[in-house]
Every structure is written in structure tokens, then in C-alpha cells.
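Just final_15.csv here, CSV, N, CA and C atoms:
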```
chain,number,residue,atom,x,y,z
X,228,MET,N,87.0,91.5,109.7
X,228,MET,CA,88.1,92.0,110.5
X,228,MET,C,88.9,92.9,109.6
X,229,THR,N,89.4,94.0,110.2
X,229,THR,CA,90.2,95.0,109.5
X,229,THR,C,91.7,94.5,109.4
X,230,ALA,N,92.4,95.1,108.4
X,230,ALA,CA,93.8,94.8,108.3
X,230,ALA,C,94.5,95.2,109.6
X,231,THR,N,94.1,96.3,110.2
X,231,THR,CA,94.8,96.7,111.4
X,231,THR,C,94.6,95.7,112.5
X,232,ARG,N,93.4,95.2,112.7
X,232,ARG,CA,93.2,94.2,113.7
X,232,ARG,C,93.9,92.9,113.4
X,233,ILE,N,93.9,92.5,112.2
X,233,ILE,CA,94.6,91.2,111.8
X,233,ILE,C,96.1,91.4,112.1
X,234,HIS,N,96.7,92.5,111.7
X,234,HIS,CA,98.1,92.7,111.9
X,234,HIS,C,98.4,92.7,113.4
X,235,LEU,N,97.6,93.4,114.2
X,235,LEU,CA,97.9,93.4,115.6
X,235,LEU,C,97.7,92.1,116.3
X,236,VAL,N,96.7,91.3,115.9
X,236,VAL,CA,96.5,90.0,116.5
X,236,VAL,C,97.7,89.1,116.1
X,237,LEU,N,98.1,89.1,114.9
X,237,LEU,CA,99.2,88.3,114.5
X,237,LEU,C,100.5,88.7,115.2
X,238,ALA,N,100.7,90.0,115.4
X,238,ALA,CA,101.9,90.5,116.1
X,238,ALA,C,101.9,90.0,117.5
X,239,ALA,N,100.7,90.0,118.2
X,239,ALA,CA,100.6,89.5,119.5
X,239,ALA,C,100.9,88.0,119.6
X,240,LEU,N,100.4,87.3,118.6
X,240,LEU,CA,100.7,85.8,118.5
X,240,LEU,C,102.2,85.6,118.2
X,241,MET,N,102.8,86.4,117.4
X,241,MET,CA,104.2,86.3,117.2
X,241,MET,C,105.0,86.6,118.5
X,242,GLY,N,104.6,87.5,119.2
X,242,GLY,CA,105.2,87.8,120.5
X,242,GLY,C,105.1,86.6,121.5
X,243,LEU,N,103.9,86.1,121.5
X,243,LEU,CA,103.6,84.9,122.4
X,243,LEU,C,104.5,83.7,122.0
X,244,ALA,N,104.6,83.4,120.7
X,244,ALA,CA,105.4,82.4,120.2
X,244,ALA,C,106.9,82.6,120.4
X,245,GLY,N,107.3,83.9,120.3
X,245,GLY,CA,108.7,84.3,120.5
X,245,GLY,C,109.1,84.0,121.9
X,246,VAL,N,108.3,84.4,122.9
X,246,VAL,CA,108.6,84.2,124.3
X,246,VAL,C,108.6,82.7,124.6
X,247,GLY,N,107.7,82.0,124.0
X,247,GLY,CA,107.7,80.5,124.2
X,247,GLY,C,108.9,79.9,123.7
X,248,LEU,N,109.4,80.3,122.5
X,248,LEU,CA,110.6,79.7,121.9
X,248,LEU,C,111.8,80.1,122.7
X,249,LEU,N,111.9,81.3,123.2
X,249,LEU,CA,113.0,81.7,124.0
X,249,LEU,C,113.1,80.9,125.3
X,250,ALA,N,111.9,80.6,125.9
X,250,ALA,CA,111.9,79.8,127.1
X,250,ALA,C,112.3,78.4,126.8
X,251,ALA,N,111.8,77.9,125.7
X,251,ALA,CA,112.2,76.5,125.3
X,251,ALA,C,113.7,76.4,125.0
X,252,ALA,N,114.3,77.5,124.4
X,252,ALA,CA,115.7,77.5,124.1
X,252,ALA,C,116.5,77.5,125.4
X,253,ALA,N,116.0,78.2,126.4
X,253,ALA,CA,116.7,78.3,127.7
X,253,ALA,C,116.6,77.1,128.6
X,254,HIS,N,115.4,76.5,128.5
X,254,HIS,CA,115.1,75.4,129.5
X,254,HIS,C,115.0,74.0,128.9
X,255,ILE,N,114.8,73.9,127.6
X,255,ILE,CA,114.6,72.6,127.0
X,255,ILE,C,115.7,72.2,126.0
X,256,THR,N,115.8,72.9,124.9
X,256,THR,CA,116.7,72.5,123.8
X,256,THR,C,118.1,73.1,124.0
X,257,GLY,N,118.2,74.3,124.3
X,257,GLY,CA,119.5,75.0,124.4
X,257,GLY,C,120.1,75.2,123.0
X,258,THR,N,119.3,75.1,121.9
X,258,THR,CA,119.9,75.3,120.6
X,258,THR,C,119.8,76.8,120.2
X,259,ALA,N,120.8,77.2,119.4
X,259,ALA,CA,120.8,78.6,118.9
X,259,ALA,C,119.7,78.8,117.9
X,260,ASN,N,119.3,77.7,117.2
X,260,ASN,CA,118.2,77.9,116.2
X,260,ASN,C,116.9,78.3,116.9
X,261,VAL,N,116.6,77.6,118.0
X,261,VAL,CA,115.3,77.9,118.7
X,261,VAL,C,115.4,79.3,119.2
X,262,GLN,N,116.5,79.7,119.8
X,262,GLN,CA,116.7,81.0,120.3
X,262,GLN,C,116.5,82.1,119.2
X,263,THR,N,117.2,81.9,118.1
X,263,THR,CA,117.1,82.8,117.0
X,263,THR,C,115.7,82.9,116.5
X,264,ALA,N,115.0,81.8,116.4
X,264,ALA,CA,113.6,81.8,116.0
X,264,ALA,C,112.7,82.7,116.9
X,265,GLY,N,112.9,82.5,118.2
X,265,GLY,CA,112.2,83.4,119.2
X,265,GLY,C,112.5,84.8,119.1
X,266,GLN,N,113.8,85.1,118.9
X,266,GLN,CA,114.2,86.5,118.8
X,266,GLN,C,113.6,87.1,117.5
X,267,MET,N,113.6,86.4,116.4
X,267,MET,CA,113.1,86.9,115.2
X,267,MET,C,111.6,87.3,115.3
X,268,LEU,N,110.9,86.4,116.0
X,268,LEU,CA,109.4,86.7,116.1
X,268,LEU,C,109.2,87.9,117.0
X,269,LEU,N,110.0,88.0,118.1
X,269,LEU,CA,109.8,89.1,119.0
X,269,LEU,C,110.1,90.5,118.4
X,270,PHE,N,111.3,90.5,117.7
X,270,PHE,CA,111.7,91.7,117.1
X,270,PHE,C,110.7,92.2,116.0
X,271,HIS,N,110.2,91.3,115.2
X,271,HIS,CA,109.3,91.7,114.2
X,271,HIS,C,107.9,91.9,114.7
X,272,ALA,N,107.5,91.3,115.8
X,272,ALA,CA,106.2,91.6,116.4
X,272,ALA,C,106.2,93.1,116.8
X,273,SER,N,107.3,93.6,117.3
X,273,SER,CA,107.3,95.0,117.7
X,273,SER,C,107.3,95.9,116.5
X,274,VAL,N,107.9,95.5,115.4
X,274,VAL,CA,107.8,96.3,114.2
X,274,VAL,C,106.4,96.3,113.6
X,275,ILE,N,105.7,95.2,113.7
X,275,ILE,CA,104.3,95.2,113.2
X,275,ILE,C,103.5,96.1,114.0
X,276,ILE,N,103.6,96.1,115.3
X,276,ILE,CA,102.8,97.0,116.1
X,276,ILE,C,103.1,98.5,115.9
X,277,GLY,N,104.4,98.8,115.8
X,277,GLY,CA,104.8,100.2,115.6
X,277,GLY,C,104.4,100.7,114.2
X,278,ALA,N,104.6,99.9,113.2
X,278,ALA,CA,104.3,100.3,111.8
X,278,ALA,C,102.8,100.3,111.6
X,279,THR,N,102.1,99.5,112.2
X,279,THR,CA,100.6,99.6,112.1
X,279,THR,C,100.1,100.9,112.7
X,280,ALA,N,100.7,101.3,113.8
X,280,ALA,CA,100.3,102.6,114.4
X,280,ALA,C,100.7,103.7,113.5
X,281,ALA,N,101.9,103.6,112.9
X,281,ALA,CA,102.3,104.7,111.9
X,281,ALA,C,101.4,104.7,110.7
X,282,ARG,N,101.0,103.5,110.2
X,282,ARG,CA,100.1,103.5,109.1
X,282,ARG,C,98.7,104.1,109.4
X,283,LYS,N,98.2,103.8,110.6
X,283,LYS,CA,96.9,104.4,111.0
X,283,LYS,C,97.0,105.9,111.2
X,284,GLY,N,98.2,106.4,111.6
X,284,GLY,CA,98.5,107.8,111.8
X,284,GLY,C,98.7,108.5,110.5
X,285,GLY,N,98.8,107.8,109.4
X,285,GLY,CA,99.0,108.5,108.1
X,285,GLY,C,100.5,108.7,107.7
X,286,HIS,N,101.4,108.1,108.5
X,286,HIS,CA,102.8,108.3,108.3
X,286,HIS,C,103.4,107.3,107.3
X,287,LEU,N,102.5,106.3,106.9
X,287,LEU,CA,102.9,105.3,105.9
X,287,LEU,C,101.8,105.2,104.9
X,288,GLN,N,102.1,105.1,103.6
X,288,GLN,CA,101.1,104.9,102.6
X,288,GLN,C,100.3,103.6,102.9
X,289,ASP,N,99.0,103.7,102.9
X,289,ASP,CA,98.2,102.6,103.5
X,289,ASP,C,98.4,101.3,102.8
X,290,VAL,N,98.1,101.2,101.5
X,290,VAL,CA,98.1,100.0,100.7
X,290,VAL,C,99.5,99.3,100.7
X,291,ILE,N,100.6,100.1,100.5
X,291,ILE,CA,101.9,99.6,100.5
X,291,ILE,C,102.3,99.1,101.8
X,292,ALA,N,101.9,99.8,102.9
X,292,ALA,CA,102.2,99.4,104.3
X,292,ALA,C,101.5,98.1,104.6
X,293,ARG,N,100.3,97.9,104.2
X,293,ARG,CA,99.6,96.7,104.5
X,293,ARG,C,100.3,95.5,103.8
X,294,ILE,N,100.7,95.7,102.6
X,294,ILE,CA,101.4,94.6,101.9
X,294,ILE,C,102.7,94.3,102.6
X,295,ALA,N,103.5,95.4,102.9
X,295,ALA,CA,104.8,95.2,103.6
X,295,ALA,C,104.6,94.5,104.9
X,296,LEU,N,103.6,94.9,105.7
X,296,LEU,CA,103.4,94.3,107.0
X,296,LEU,C,103.1,92.8,106.9
X,297,SER,N,102.2,92.5,105.9
X,297,SER,CA,101.9,91.1,105.7
X,297,SER,C,103.1,90.3,105.2
X,298,ALA,N,104.0,90.9,104.4
X,298,ALA,CA,105.2,90.2,104.0
X,298,ALA,C,106.1,89.9,105.2
X,299,ILE,N,106.2,90.9,106.1
X,299,ILE,CA,107.1,90.7,107.3
X,299,ILE,C,106.5,89.6,108.2
X,300,ILE,N,105.2,89.6,108.4
X,300,ILE,CA,104.6,88.6,109.2
X,300,ILE,C,104.8,87.2,108.6
X,301,LEU,N,104.5,87.1,107.3
X,301,LEU,CA,104.7,85.8,106.6
X,301,LEU,C,106.2,85.4,106.7
X,302,GLY,N,107.1,86.3,106.4
X,302,GLY,CA,108.5,86.0,106.4
X,302,GLY,C,109.0,85.6,107.7
X,303,ALA,N,108.7,86.3,108.8
X,303,ALA,CA,109.1,86.0,110.1
X,303,ALA,C,108.6,84.7,110.6
X,304,ALA,N,107.3,84.4,110.3
X,304,ALA,CA,106.7,83.1,110.7
X,304,ALA,C,107.4,82.0,110.0
X,305,LEU,N,107.6,82.1,108.7
X,305,LEU,CA,108.3,81.0,107.9
X,305,LEU,C,109.7,80.8,108.4
X,306,PHE,N,110.4,81.9,108.5
X,306,PHE,CA,111.8,81.8,109.0
X,306,PHE,C,111.9,81.1,110.4
X,307,ALA,N,111.1,81.6,111.3
X,307,ALA,CA,111.1,81.1,112.7
X,307,ALA,C,110.6,79.6,112.7
X,308,ALA,N,109.6,79.3,111.9
X,308,ALA,CA,109.1,77.9,111.9
X,308,ALA,C,110.2,77.0,111.4
X,309,ASP,N,111.0,77.4,110.4
X,309,ASP,CA,112.0,76.5,109.9
X,309,ASP,C,113.1,76.4,110.9
X,310,LEU,N,113.5,77.5,111.6
X,310,LEU,CA,114.6,77.4,112.6
X,310,LEU,C,114.1,76.5,113.8
X,311,ALA,N,112.9,76.7,114.2
X,311,ALA,CA,112.4,76.0,115.3
X,311,ALA,C,112.3,74.5,115.0
X,312,ARG,N,111.9,74.2,113.8
X,312,ARG,CA,111.8,72.7,113.5
X,312,ARG,C,113.3,72.2,113.4
X,313,ARG,N,114.2,72.9,112.9
X,313,ARG,CA,115.6,72.5,112.9
X,313,ARG,C,116.1,72.3,114.3
X,314,GLY,N,115.7,73.2,115.3
X,314,GLY,CA,116.1,73.0,116.6
X,314,GLY,C,115.5,71.9,117.4
X,315,PHE,N,114.2,71.6,117.1
X,315,PHE,CA,113.5,70.6,117.9
X,315,PHE,C,113.6,69.2,117.2
X,316,ALA,N,113.5,69.2,115.8
X,316,ALA,CA,113.5,67.9,115.1
X,316,ALA,C,114.7,67.6,114.3
X,317,ASN,N,115.6,68.6,114.2
X,317,ASN,CA,116.9,68.5,113.5
X,317,ASN,C,116.6,68.2,112.0
X,318,GLU,N,115.5,68.8,111.5
X,318,GLU,CA,115.2,68.8,110.0
X,318,GLU,C,114.5,70.0,109.6
X,319,ALA,N,114.6,70.4,108.3
X,319,ALA,CA,114.0,71.6,107.8
X,319,ALA,C,112.5,71.5,107.7
X,320,LEU,N,111.8,72.6,107.7
X,320,LEU,CA,110.4,72.6,107.5
X,320,LEU,C,110.1,72.2,106.0
X,321,PHE,N,110.8,72.8,105.1
X,321,PHE,CA,110.9,72.3,103.7
X,321,PHE,C,112.1,73.0,103.1
X,322,PRO,N,112.7,72.5,102.0
X,322,PRO,CA,113.9,73.1,101.5
X,322,PRO,C,113.8,74.6,101.2
X,323,ARG,N,114.8,75.3,101.7
X,323,ARG,CA,114.9,76.7,101.5
X,323,ARG,C,113.9,77.6,102.2
X,324,ALA,N,113.2,77.0,103.2
X,324,ALA,CA,112.1,77.7,103.9
X,324,ALA,C,112.7,79.0,104.6
X,325,ALA,N,113.8,78.9,105.3
X,325,ALA,CA,114.3,80.0,106.0
X,325,ALA,C,114.8,81.1,105.1
X,326,PRO,N,115.5,80.8,104.0
X,326,PRO,CA,115.9,81.9,103.1
X,326,PRO,C,114.7,82.6,102.4
X,327,ILE,N,113.6,81.8,102.1
X,327,ILE,CA,112.4,82.3,101.5
X,327,ILE,C,111.8,83.3,102.5
X,328,GLY,N,111.7,82.9,103.8
X,328,GLY,CA,111.2,83.7,104.8
X,328,GLY,C,112.0,85.0,105.0
X,329,GLY,N,113.3,84.8,104.9
X,329,GLY,CA,114.2,86.0,105.0
X,329,GLY,C,113.9,87.0,103.9
X,330,TRP,N,113.7,86.5,102.6
X,330,TRP,CA,113.5,87.4,101.5
X,330,TRP,C,112.1,88.1,101.7
X,331,PHE,N,111.1,87.4,102.2
X,331,PHE,CA,109.9,88.1,102.5
X,331,PHE,C,110.1,89.2,103.6
X,332,MET,N,110.9,88.9,104.6
X,332,MET,CA,111.1,90.0,105.6
X,332,MET,C,111.8,91.2,104.9
X,333,LEU,N,112.9,90.9,104.2
X,333,LEU,CA,113.6,92.0,103.5
X,333,LEU,C,112.7,92.8,102.6
X,334,GLY,N,111.9,92.1,101.8
X,334,GLY,CA,110.9,92.8,101.0
X,334,GLY,C,109.9,93.6,101.8
X,335,GLY,N,109.5,93.1,102.9
X,335,GLY,CA,108.6,93.9,103.8
X,335,GLY,C,109.3,95.1,104.3
X,336,TRP,N,110.5,95.0,104.7
X,336,TRP,CA,111.2,96.2,105.2
X,336,TRP,C,111.4,97.2,104.1
X,337,LEU,N,111.7,96.8,102.9
X,337,LEU,CA,111.8,97.7,101.8
X,337,LEU,C,110.5,98.3,101.5
X,338,GLY,N,109.4,97.6,101.6
X,338,GLY,CA,108.1,98.1,101.4
X,338,GLY,C,107.7,99.1,102.4
X,339,LEU,N,108.2,99.0,103.7
X,339,LEU,CA,107.9,100.0,104.7
X,339,LEU,C,108.6,101.3,104.4
X,340,ALA,N,109.9,101.2,103.8
X,340,ALA,CA,110.6,102.4,103.4
X,340,ALA,C,109.8,103.1,102.3
X,341,VAL,N,109.4,102.3,101.3
X,341,VAL,CA,108.6,103.0,100.2
X,341,VAL,C,107.3,103.6,100.8
X,342,ALA,N,106.6,102.9,101.7
X,342,ALA,CA,105.4,103.4,102.2
X,342,ALA,C,105.7,104.7,103.0
X,343,ALA,N,106.8,104.8,103.6
X,343,ALA,CA,107.2,106.0,104.4
X,343,ALA,C,107.4,107.2,103.4
X,344,VAL,N,108.1,106.9,102.3
X,344,VAL,CA,108.5,107.9,101.4
X,344,VAL,C,107.2,108.4,100.6
X,345,THR,N,106.3,107.5,100.4
X,345,THR,CA,105.1,107.9,99.6
X,345,THR,C,103.9,108.3,100.4
X,346,ALA,N,104.1,108.4,101.7
X,346,ALA,CA,102.9,108.8,102.6
X,346,ALA,C,102.6,110.2,102.3
X,347,LYS,N,101.3,110.5,102.4
X,347,LYS,CA,100.8,111.9,102.2
X,347,LYS,C,101.2,112.8,103.4
X,348,ARG,N,101.2,112.2,104.6
X,348,ARG,CA,101.5,113.0,105.8
X,348,ARG,C,103.0,112.8,106.1
X,349,SER,N,103.6,113.9,106.5
X,349,SER,CA,105.1,113.8,106.8
X,349,SER,C,105.3,113.7,108.3
```

As C-alpha cells, what does this structure read like?
Amino acid sequence: MTATRIHLVLAALMGLAGVGLLAAAAHITGTANVQTAGQMLLFHASVIIGATAARKGGHLQDVIARIALSAIILGAALFAADLARRGFANEALFPRAAPIGGWFMLGGWLGLAVAAVTAKRS
């Protein structure tokens, strides 16, 4: 399976989980943590789809973009999983899970900027 397909499949699953968490926040738990987890997944799923298209179009440097996209996916999943667990079970996934996920997302965003600047195609 190619990096493109893996990123797109994971983005679709992030979107699915995001919608599910938003529905749970609205109809089951009512907690802000669950709502934020759903939003984080949905926002970043869109980024993954758009940046993957930009990478395939040559507007992002390929290797840097692949690493950045993977970091965003990992970070969003970790961040959302921690917030969802806090919302449903009132306990953390593991200590500092959300901040670690946040740093992965930040690093991924920075990586996308570098990938854009270093792309061969303008």
C-alpha cells in the first residue's frame, strides 16, 4: 500500500471517528473533552486529504510531506484518544498523552511548511 493510500484511509477513519465523537458529545456525554477530540480529528482529517493532494501534485516536497502528514495523524489520534478517554472514563490515556500528541501535530504543521518551501514545483 502506498503512502498516499495509507494517509487517505487514515484521514477517512479520522473523519469517521470525529463525527462519532461529536455525536457522542452531543447525545451521550456532553463533555467538552469529547467534543474537542471530535473536532481535532475532523479538522486534521481535512488537512491530511488536502496536503496529500498537494504532495501528489508536486506542491510539497515528497519525503518531508510524508513525514509531516504521518506526524499530524499520529498527533491528532493521540491527542483525541486522550481527550476522549478523559471525557468517557474521567482518566488519562497515559500521563502527558495530549501534550505529546499536540507536539506531534505542531511538528507536522511545521514540516508541511518546510515541505512547501522546499518543493520543486511552485

Can you work out the spacing between atom N of Ile291 of chain X and atom C of Gly338 of chain X in Å, to one decimal?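 Answer for the atom N of Ile291 of chain X to atom C of Gly338 of chain X separation: 7.4 Å.
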
Looking at all atoms listed in the file, which of X:Val261, X:Leu243, X:Leu287, X:His271 is the one that sits closest to Ala346 of chain X?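 Smallest separation from Ala346 of chain X among the options: X:Leu287.
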
Pull the alpha helix (DSSP H) assignments for chain X out of DSSP run on the backbone, and list those residues as a PyMOL selection string. chain X and resi 230-251+259-283+289-316+324-344

If we count only C-alpha atoms and set the cut-off at 9 Å, which residues sit around Met332 of chain X, ignoring sequence neighbours fewer than 5 positions away in its own chain? Please answer as a PyMOL selection string. chain X and resi 271+295-296+298-303+306+327+337

Applying 8 Å and all atoms listed in the file, which residues near Ala264 of chain X remain after dropping the ones on its own chain fewer than 3 positions away? List them as a list in words. Ala244, Gly245, Val246, Leu248, Leu249, Thr258, Ala259, Asn260, Val261, Met267, Leu268, Leu269, Phe270, Ala303, Phe306, Ala307, Ala308, Asp309, Leu310 and Ala311 of chain X

Gap from atom N of Ile233 of chain X to atom N of Ala325 of chain X - Å, one decimal: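 The value is 25.1 Å.
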
Go through X:Ala292, X:Ala304, X:Glu318, X:Ala251 and flag the residue nearest Ala340 of chain X, using all atoms listed in the file for the distances. X:Ala292

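Computed from the coordinates, the atom C of Arg313 of chain X to atom C of Gly242 of chain X distance equals 19.4 Å.
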
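Shortest atom-to-atom contact with Phe331 of chain X among X:Asn317, X:Ser297, X:Ile276, X:Val344: X:Ser297, counting all atoms listed in the file.
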
Taking into account only C-alpha atoms, which residue in the set X:Val290, X:Arg348, X:Leu305, X:Arg232 is nearest to Phe321 of chain X?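 Checking each of X:Val290, X:Arg348, X:Leu305, X:Arg232 against Phe321 of chain X, counting only C-alpha atoms, the winner is X:Leu305.
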
Top pick for closest residue to Ile275 of chain X, considering X:His254, X:His234, X:Arg312, X:Arg293 and counting all atoms listed in the file: X:His234

Nearest to Gly314 of chain X among X:Pro326, X:Gly284, X:Gly257, X:Gly277, with distances taken over all atoms listed in the file: which residue is it?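 Using all atoms listed in the file, Gly314 of chain X sits closest to X:Gly257.
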